[in-house]
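Coordinates as given in start.cif (mmCIF, C-alpha atoms; chains and numbers go by the auth columns):
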```cif
data_final
#
loop_
_atom_site.group_PDB
_atom_site.id
_atom_site.type_symbol
_atom_site.label_atom_id
_atom_site.label_comp_id
_atom_site.label_asym_id
_atom_site.label_seq_id
_atom_site.Cartn_x
_atom_site.Cartn_y
_atom_site.Cartn_z
_atom_site.B_iso_or_equiv
_atom_site.auth_seq_id
_atom_site.auth_asym_id
ATOM 1 C CA MET A 1 0.000 0.000 0.000 0.00 1280 A
ATOM 2 C CA ALA A 2 1.390 3.379 -1.039 0.00 1281 A
ATOM 3 C CA GLN A 3 2.096 5.931 1.666 0.00 1282 A
ATOM 4 C CA HIS A 4 3.044 9.568 1.151 0.00 1283 A
ATOM 5 C CA THR A 5 4.045 12.276 3.628 0.00 1284 A
ATOM 6 C CA ILE A 6 4.631 16.000 3.244 0.00 1285 A
ATOM 7 C CA ASP A 7 5.134 18.960 5.576 0.00 1286 A
ATOM 8 C CA VAL A 8 3.162 22.110 4.769 0.00 1287 A
ATOM 9 C CA THR A 9 3.070 25.546 6.374 0.00 1288 A
ATOM 10 C CA VAL A 10 -0.248 27.227 7.174 0.00 1289 A
ATOM 11 C CA THR A 11 -0.077 30.489 5.218 0.00 1290 A
ATOM 12 C CA ASN A 12 -3.606 31.803 5.778 0.00 1291 A
ATOM 13 C CA PRO A 13 -3.464 34.816 8.148 0.00 1292 A
ATOM 14 C CA MET A 14 -6.502 33.392 9.972 0.00 1293 A
ATOM 15 C CA GLY A 15 -4.920 29.943 10.313 0.00 1294 A
ATOM 16 C CA LEU A 16 -6.799 26.726 9.660 0.00 1295 A
ATOM 17 C CA HIS A 17 -10.211 28.039 10.696 0.00 1296 A
ATOM 18 C CA LEU A 18 -13.653 26.549 10.073 0.00 1297 A
ATOM 19 C CA ARG A 19 -14.075 27.697 6.460 0.00 1298 A
ATOM 20 C CA THR A 20 -10.599 26.562 5.421 0.00 1299 A
ATOM 21 C CA GLY A 21 -11.067 23.343 7.393 0.00 1300 A
ATOM 22 C CA LYS A 22 -14.267 22.673 5.456 0.00 1301 A
ATOM 23 C CA GLU A 23 -12.343 22.996 2.192 0.00 1302 A
ATOM 24 C CA VAL A 24 -9.718 20.531 3.484 0.00 1303 A
ATOM 25 C CA VAL A 25 -12.454 18.024 4.387 0.00 1304 A
ATOM 26 C CA GLN A 26 -14.078 18.402 0.961 0.00 1305 A
ATOM 27 C CA VAL A 27 -10.783 17.765 -0.846 0.00 1306 A
ATOM 28 C CA ALA A 28 -9.811 14.871 1.453 0.00 1307 A
ATOM 29 C CA ASN A 29 -13.170 13.160 0.966 0.00 1308 A
ATOM 30 C CA ARG A 30 -12.652 13.014 -2.813 0.00 1309 A
ATOM 31 C CA PHE A 31 -10.041 10.305 -2.219 0.00 1310 A
ATOM 32 C CA ASP A 32 -10.229 6.736 -0.937 0.00 1311 A
ATOM 33 C CA ALA A 33 -6.882 7.111 0.849 0.00 1312 A
ATOM 34 C CA GLU A 34 -6.698 7.437 4.613 0.00 1313 A
ATOM 35 C CA ILE A 35 -5.446 10.983 5.222 0.00 1314 A
ATOM 36 C CA SER A 36 -4.099 12.239 8.536 0.00 1315 A
ATOM 37 C CA ALA A 37 -2.331 15.322 9.828 0.00 1316 A
ATOM 38 C CA GLN A 38 -0.446 16.524 12.881 0.00 1317 A
ATOM 39 C CA ASN A 39 0.478 20.050 13.909 0.00 1318 A
ATOM 40 C CA LEU A 40 4.242 19.824 14.455 0.00 1319 A
ATOM 41 C CA THR A 41 4.405 23.336 15.921 0.00 1320 A
ATOM 42 C CA ARG A 42 1.952 22.564 18.749 0.00 1321 A
ATOM 43 C CA GLU A 43 2.572 18.806 18.856 0.00 1322 A
ATOM 44 C CA SER A 44 -1.123 18.047 18.394 0.00 1323 A
ATOM 45 C CA PRO A 45 -2.580 14.550 18.182 0.00 1324 A
ATOM 46 C CA VAL A 46 -2.711 12.918 14.755 0.00 1325 A
ATOM 47 C CA VAL A 47 -6.147 13.647 13.278 0.00 1326 A
ATOM 48 C CA ASP A 48 -8.271 12.434 10.363 0.00 1327 A
ATOM 49 C CA LEU A 49 -8.467 15.132 7.668 0.00 1328 A
ATOM 50 C CA LYS A 50 -11.867 13.836 6.584 0.00 1329 A
ATOM 51 C CA SER A 51 -13.385 15.126 9.860 0.00 1330 A
ATOM 52 C CA ILE A 52 -13.913 18.849 10.506 0.00 1331 A
ATOM 53 C CA LEU A 53 -14.077 18.239 14.265 0.00 1332 A
ATOM 54 C CA GLN A 54 -10.712 16.516 14.233 0.00 1333 A
ATOM 55 C CA ILE A 55 -9.168 19.224 12.040 0.00 1334 A
ATOM 56 C CA MET A 56 -10.135 21.835 14.635 0.00 1335 A
ATOM 57 C CA GLN A 57 -8.044 19.864 17.180 0.00 1336 A
ATOM 58 C CA LEU A 58 -4.936 20.864 15.219 0.00 1337 A
ATOM 59 C CA GLN A 59 -5.367 24.470 16.409 0.00 1338 A
ATOM 60 C CA ALA A 60 -3.261 25.501 13.435 0.00 1339 A
ATOM 61 C CA ARG A 61 -2.378 29.161 13.154 0.00 1340 A
ATOM 62 C CA GLN A 62 -0.503 31.044 10.439 0.00 1341 A
ATOM 63 C CA GLY A 63 3.111 29.871 10.299 0.00 1342 A
ATOM 64 C CA HIS A 64 2.437 26.499 11.938 0.00 1343 A
ATOM 65 C CA MET A 65 3.972 23.429 10.287 0.00 1344 A
ATOM 66 C CA LEU A 66 1.634 20.506 9.596 0.00 1345 A
ATOM 67 C CA ARG A 67 2.678 16.996 8.575 0.00 1346 A
ATOM 68 C CA LEU A 68 0.215 15.294 6.222 0.00 1347 A
ATOM 69 C CA TRP A 69 0.102 11.519 5.687 0.00 1348 A
ATOM 70 C CA ALA A 70 -1.900 9.599 3.128 0.00 1349 A
ATOM 71 C CA SER A 71 -1.987 5.864 2.574 0.00 1350 A
ATOM 72 C CA GLY A 72 -3.887 3.941 -0.032 0.00 1351 A
ATOM 73 C CA GLN A 73 -4.211 3.590 -3.765 0.00 1352 A
ATOM 74 C CA ASP A 74 -4.690 7.313 -4.468 0.00 1353 A
ATOM 75 C CA ALA A 75 -2.438 8.608 -1.676 0.00 1354 A
ATOM 76 C CA ALA A 76 -0.110 10.529 -4.014 0.00 1355 A
ATOM 77 C CA ALA A 77 -3.014 12.341 -5.673 0.00 1356 A
ATOM 78 C CA ALA A 78 -4.535 13.163 -2.279 0.00 1357 A
ATOM 79 C CA ILE A 79 -1.280 14.669 -1.011 0.00 1358 A
ATOM 80 C CA ALA A 80 -0.842 16.640 -4.242 0.00 1359 A
ATOM 81 C CA ALA A 81 -4.374 18.104 -4.025 0.00 1360 A
ATOM 82 C CA LEU A 82 -3.999 19.011 -0.347 0.00 1361 A
ATOM 83 C CA THR A 83 -0.573 20.581 -0.942 0.00 1362 A
ATOM 84 C CA ILE A 84 -2.093 22.859 -3.594 0.00 1363 A
ATOM 85 C CA LEU A 85 -4.932 23.741 -1.220 0.00 1364 A
ATOM 86 C CA PHE A 86 -2.503 24.734 1.544 0.00 1365 A
ATOM 87 C CA GLN A 87 -0.461 26.841 -0.885 0.00 1366 A
ATOM 88 C CA VAL A 88 -3.499 28.949 -1.830 0.00 1367 A
ATOM 89 C CA ALA A 89 -5.399 28.867 1.483 0.00 1368 A
#
```
Rewrite the structure of this file - the entire thing - as structure tokens.
Amino acid sequence: MAQHTIDVTVTNPMGLHLRTGKEVVQVANRFDAEISAQNLTRESPVVDLKSILQIMQLQARQGHMLRLWASGQDAAAAIAALTILFQVA
């Protein structure tokens, strides 16, 4: 099973708030892969990016570093789509 990992920086001045979190959930749910994230800056728990409630546990603010993991058949595509989202969010 393919697994991909990438570190991204939250660039949005408002951080990973509810609206941005909703966009992350929508993108993540397009893929069959299991997709998780952890806030490396705050040392948050690992959360499921397909759940808005879990995303809010990241408490990610602008400048925070997040590690994203995806495993499954379309893991590479999921990571690519989420990386683009974080670059524009």
Closest of A:Asn1318, A:Ser1323, A:Gln1333, A:Ser1350 to A:Thr1288 - atom-to-atom distances counting only C-alpha atoms: A:Asn1318
Enumerate, as a PDB file with C-alpha atoms, in the frame of the given file, the protein, DNA and RNA residues whose atoms approach (-8.4, 31.6, 15.9) to within 9 Å, taking into account all atoms listed in the file and the coordinate frame of the file.
```
ATOM      1  CA  MET A1293      -6.502  33.392   9.972  1.00  0.00           C
ATOM      2  CA  GLY A1294      -4.920  29.943  10.313  1.00  0.00           C
ATOM      3  CA  LEU A1295      -6.799  26.726   9.660  1.00  0.00           C
ATOM      4  CA  HIS A1296     -10.211  28.039  10.696  1.00  0.00           C
ATOM      5  CA  GLN A1338      -5.367  24.470  16.409  1.00  0.00           C
ATOM      6  CA  ALA A1339      -3.261  25.501  13.435  1.00  0.00           C
ATOM      7  CA  ARG A1340      -2.378  29.161  13.154  1.00  0.00           C
TER       8      ARG A1340
END
```
The PyMOL selection byres ((chain A and resi 1360-1366) around 8) applied to the shown file, residues as a PyMOL selection string: chain A and resi 1287-1290+1303+1306-1307+1356-1359+1367-1368
Using only C-alpha atoms: which of A:Ile1285, A:Ile1314, A:Ile1334, A:Leu1297 has the shortest distance to A:Ala1354: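 The answer is A:Ile1314, which sits nearest to A:Ala1354.
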d(atom CA of A:Glu1302, atom CA of A:Ala1316) in Å: 14.7 Å
Coordinates-based distance that separates atom CA of A:Asn1291 from atom CA of A:Gly1351 (Å, one decimal): 28.5 Å
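Counting all atoms listed in the file, the residue from A:Arg1298, A:Pro1292, A:Gln1305, A:Ala1349 that sits nearest to A:Val1326 is A:Ala1349.
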Taking the structure in the block just given, could you write stretch 1308-1357 of chain A with N, CA and C atoms, as a compact mmCIF listing (two decimals), in the first residue's frame?
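Result file follows (result_4.txt):
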```
# COMPACT_ATOMS: atom_id res chain seq x y z
N ASN A 1308 -12.12 14.15 1.19
CA ASN A 1308 -13.17 13.16 0.97
C ASN A 1308 -13.33 12.77 -0.50
N ARG A 1309 -12.63 13.42 -1.40
CA ARG A 1309 -12.65 13.01 -2.81
C ARG A 1309 -11.80 11.77 -3.05
N PHE A 1310 -11.00 11.40 -2.06
CA PHE A 1310 -10.04 10.30 -2.22
C PHE A 1310 -10.39 9.13 -1.30
N ASP A 1311 -10.03 7.94 -1.75
CA ASP A 1311 -10.23 6.74 -0.94
C ASP A 1311 -9.15 6.58 0.12
N ALA A 1312 -8.01 7.23 -0.07
CA ALA A 1312 -6.88 7.11 0.85
C ALA A 1312 -7.26 7.55 2.26
N GLU A 1313 -6.59 6.96 3.24
CA GLU A 1313 -6.70 7.44 4.61
C GLU A 1313 -5.74 8.61 4.73
N ILE A 1314 -6.25 9.76 5.19
CA ILE A 1314 -5.45 10.98 5.22
C ILE A 1314 -5.45 11.55 6.64
N SER A 1315 -4.25 11.75 7.17
CA SER A 1315 -4.10 12.24 8.54
C SER A 1315 -3.17 13.45 8.56
N ALA A 1316 -3.22 14.17 9.66
CA ALA A 1316 -2.33 15.32 9.83
C ALA A 1316 -1.99 15.50 11.30
N GLN A 1317 -0.86 16.16 11.53
CA GLN A 1317 -0.45 16.52 12.88
C GLN A 1317 0.18 17.90 12.82
N ASN A 1318 -0.14 18.73 13.80
CA ASN A 1318 0.48 20.05 13.91
C ASN A 1318 1.82 19.85 14.61
N LEU A 1319 2.91 20.02 13.88
CA LEU A 1319 4.24 19.82 14.45
C LEU A 1319 4.64 20.98 15.36
N THR A 1320 4.08 22.16 15.12
CA THR A 1320 4.41 23.34 15.92
C THR A 1320 3.84 23.22 17.33
N ARG A 1321 2.62 22.70 17.45
CA ARG A 1321 1.95 22.56 18.75
C ARG A 1321 2.00 21.15 19.28
N GLU A 1322 2.54 20.22 18.49
CA GLU A 1322 2.57 18.81 18.86
C GLU A 1322 1.17 18.30 19.19
N SER A 1323 0.26 18.48 18.24
CA SER A 1323 -1.12 18.05 18.39
C SER A 1323 -1.22 16.54 18.20
N PRO A 1324 -2.37 15.96 18.53
CA PRO A 1324 -2.58 14.55 18.18
C PRO A 1324 -2.69 14.41 16.67
N VAL A 1325 -2.50 13.20 16.17
CA VAL A 1325 -2.71 12.92 14.75
C VAL A 1325 -4.22 12.85 14.53
N VAL A 1326 -4.70 13.58 13.52
CA VAL A 1326 -6.15 13.65 13.28
C VAL A 1326 -6.49 13.21 11.86
N ASP A 1327 -7.73 12.84 11.66
CA ASP A 1327 -8.27 12.43 10.36
C ASP A 1327 -8.70 13.69 9.61
N LEU A 1328 -8.12 13.92 8.42
CA LEU A 1328 -8.47 15.13 7.67
C LEU A 1328 -9.82 15.05 6.98
N LYS A 1329 -10.52 13.96 7.15
CA LYS A 1329 -11.87 13.84 6.58
C LYS A 1329 -12.93 14.23 7.61
N SER A 1330 -12.49 14.73 8.77
CA SER A 1330 -13.39 15.13 9.86
C SER A 1330 -13.10 16.57 10.28
N ILE A 1331 -14.09 17.45 10.12
CA ILE A 1331 -13.91 18.85 10.51
C ILE A 1331 -13.65 18.98 12.01
N LEU A 1332 -14.29 18.16 12.82
CA LEU A 1332 -14.08 18.24 14.26
C LEU A 1332 -12.65 17.88 14.63
N GLN A 1333 -12.09 16.89 13.94
CA GLN A 1333 -10.71 16.52 14.23
C GLN A 1333 -9.74 17.57 13.72
N ILE A 1334 -10.04 18.17 12.58
CA ILE A 1334 -9.17 19.22 12.04
C ILE A 1334 -9.06 20.39 13.02
N MET A 1335 -10.16 20.73 13.68
CA MET A 1335 -10.13 21.83 14.64
C MET A 1335 -9.21 21.53 15.81
N GLN A 1336 -8.96 20.24 16.09
CA GLN A 1336 -8.04 19.86 17.18
C GLN A 1336 -6.60 20.23 16.86
N LEU A 1337 -6.30 20.47 15.59
CA LEU A 1337 -4.94 20.86 15.22
C LEU A 1337 -4.58 22.24 15.77
N GLN A 1338 -5.58 23.10 15.94
CA GLN A 1338 -5.37 24.47 16.41
C GLN A 1338 -4.24 25.14 15.62
N ALA A 1339 -4.33 25.01 14.31
CA ALA A 1339 -3.26 25.50 13.44
C ALA A 1339 -3.43 26.98 13.14
N ARG A 1340 -2.40 27.73 13.41
CA ARG A 1340 -2.38 29.16 13.15
C ARG A 1340 -1.39 29.45 12.02
N GLN A 1341 -1.42 30.66 11.51
CA GLN A 1341 -0.50 31.04 10.44
C GLN A 1341 0.94 30.78 10.89
N GLY A 1342 1.72 30.16 10.00
CA GLY A 1342 3.11 29.87 10.30
C GLY A 1342 3.34 28.50 10.92
N HIS A 1343 2.28 27.83 11.36
CA HIS A 1343 2.44 26.50 11.94
C HIS A 1343 2.77 25.49 10.85
N MET A 1344 3.58 24.50 11.21
CA MET A 1344 3.97 23.43 10.29
C MET A 1344 3.10 22.20 10.56
N LEU A 1345 2.46 21.71 9.50
CA LEU A 1345 1.63 20.51 9.60
C LEU A 1345 2.29 19.38 8.80
N ARG A 1346 2.25 18.17 9.32
CA ARG A 1346 2.68 17.00 8.58
C ARG A 1346 1.43 16.26 8.12
N LEU A 1347 1.34 16.01 6.81
CA LEU A 1347 0.21 15.29 6.22
C LEU A 1347 0.67 13.91 5.80
N TRP A 1348 -0.15 12.89 6.10
CA TRP A 1348 0.10 11.52 5.69
C TRP A 1348 -1.09 11.04 4.89
N ALA A 1349 -0.83 10.26 3.87
CA ALA A 1349 -1.90 9.60 3.13
C ALA A 1349 -1.43 8.19 2.78
N SER A 1350 -2.32 7.23 2.96
CA SER A 1350 -1.99 5.86 2.57
C SER A 1350 -3.18 5.27 1.84
N GLY A 1351 -2.85 4.54 0.79
CA GLY A 1351 -3.89 3.94 -0.03
C GLY A 1351 -3.56 4.12 -1.50
N GLN A 1352 -4.44 3.61 -2.33
CA GLN A 1352 -4.21 3.59 -3.76
C GLN A 1352 -4.02 4.98 -4.37
N ASP A 1353 -4.79 5.96 -3.90
CA ASP A 1353 -4.69 7.31 -4.47
C ASP A 1353 -4.02 8.29 -3.50
N ALA A 1354 -3.10 7.78 -2.69
CA ALA A 1354 -2.44 8.61 -1.68
C ALA A 1354 -1.64 9.75 -2.30
N ALA A 1355 -0.92 9.48 -3.38
CA ALA A 1355 -0.11 10.53 -4.01
C ALA A 1355 -0.99 11.66 -4.53
N ALA A 1356 -2.10 11.31 -5.15
CA ALA A 1356 -3.01 12.34 -5.67
C ALA A 1356 -3.63 13.14 -4.53
N ALA A 1357 -3.95 12.47 -3.44
CA ALA A 1357 -4.53 13.16 -2.28
C ALA A 1357 -3.55 14.17 -1.70
```
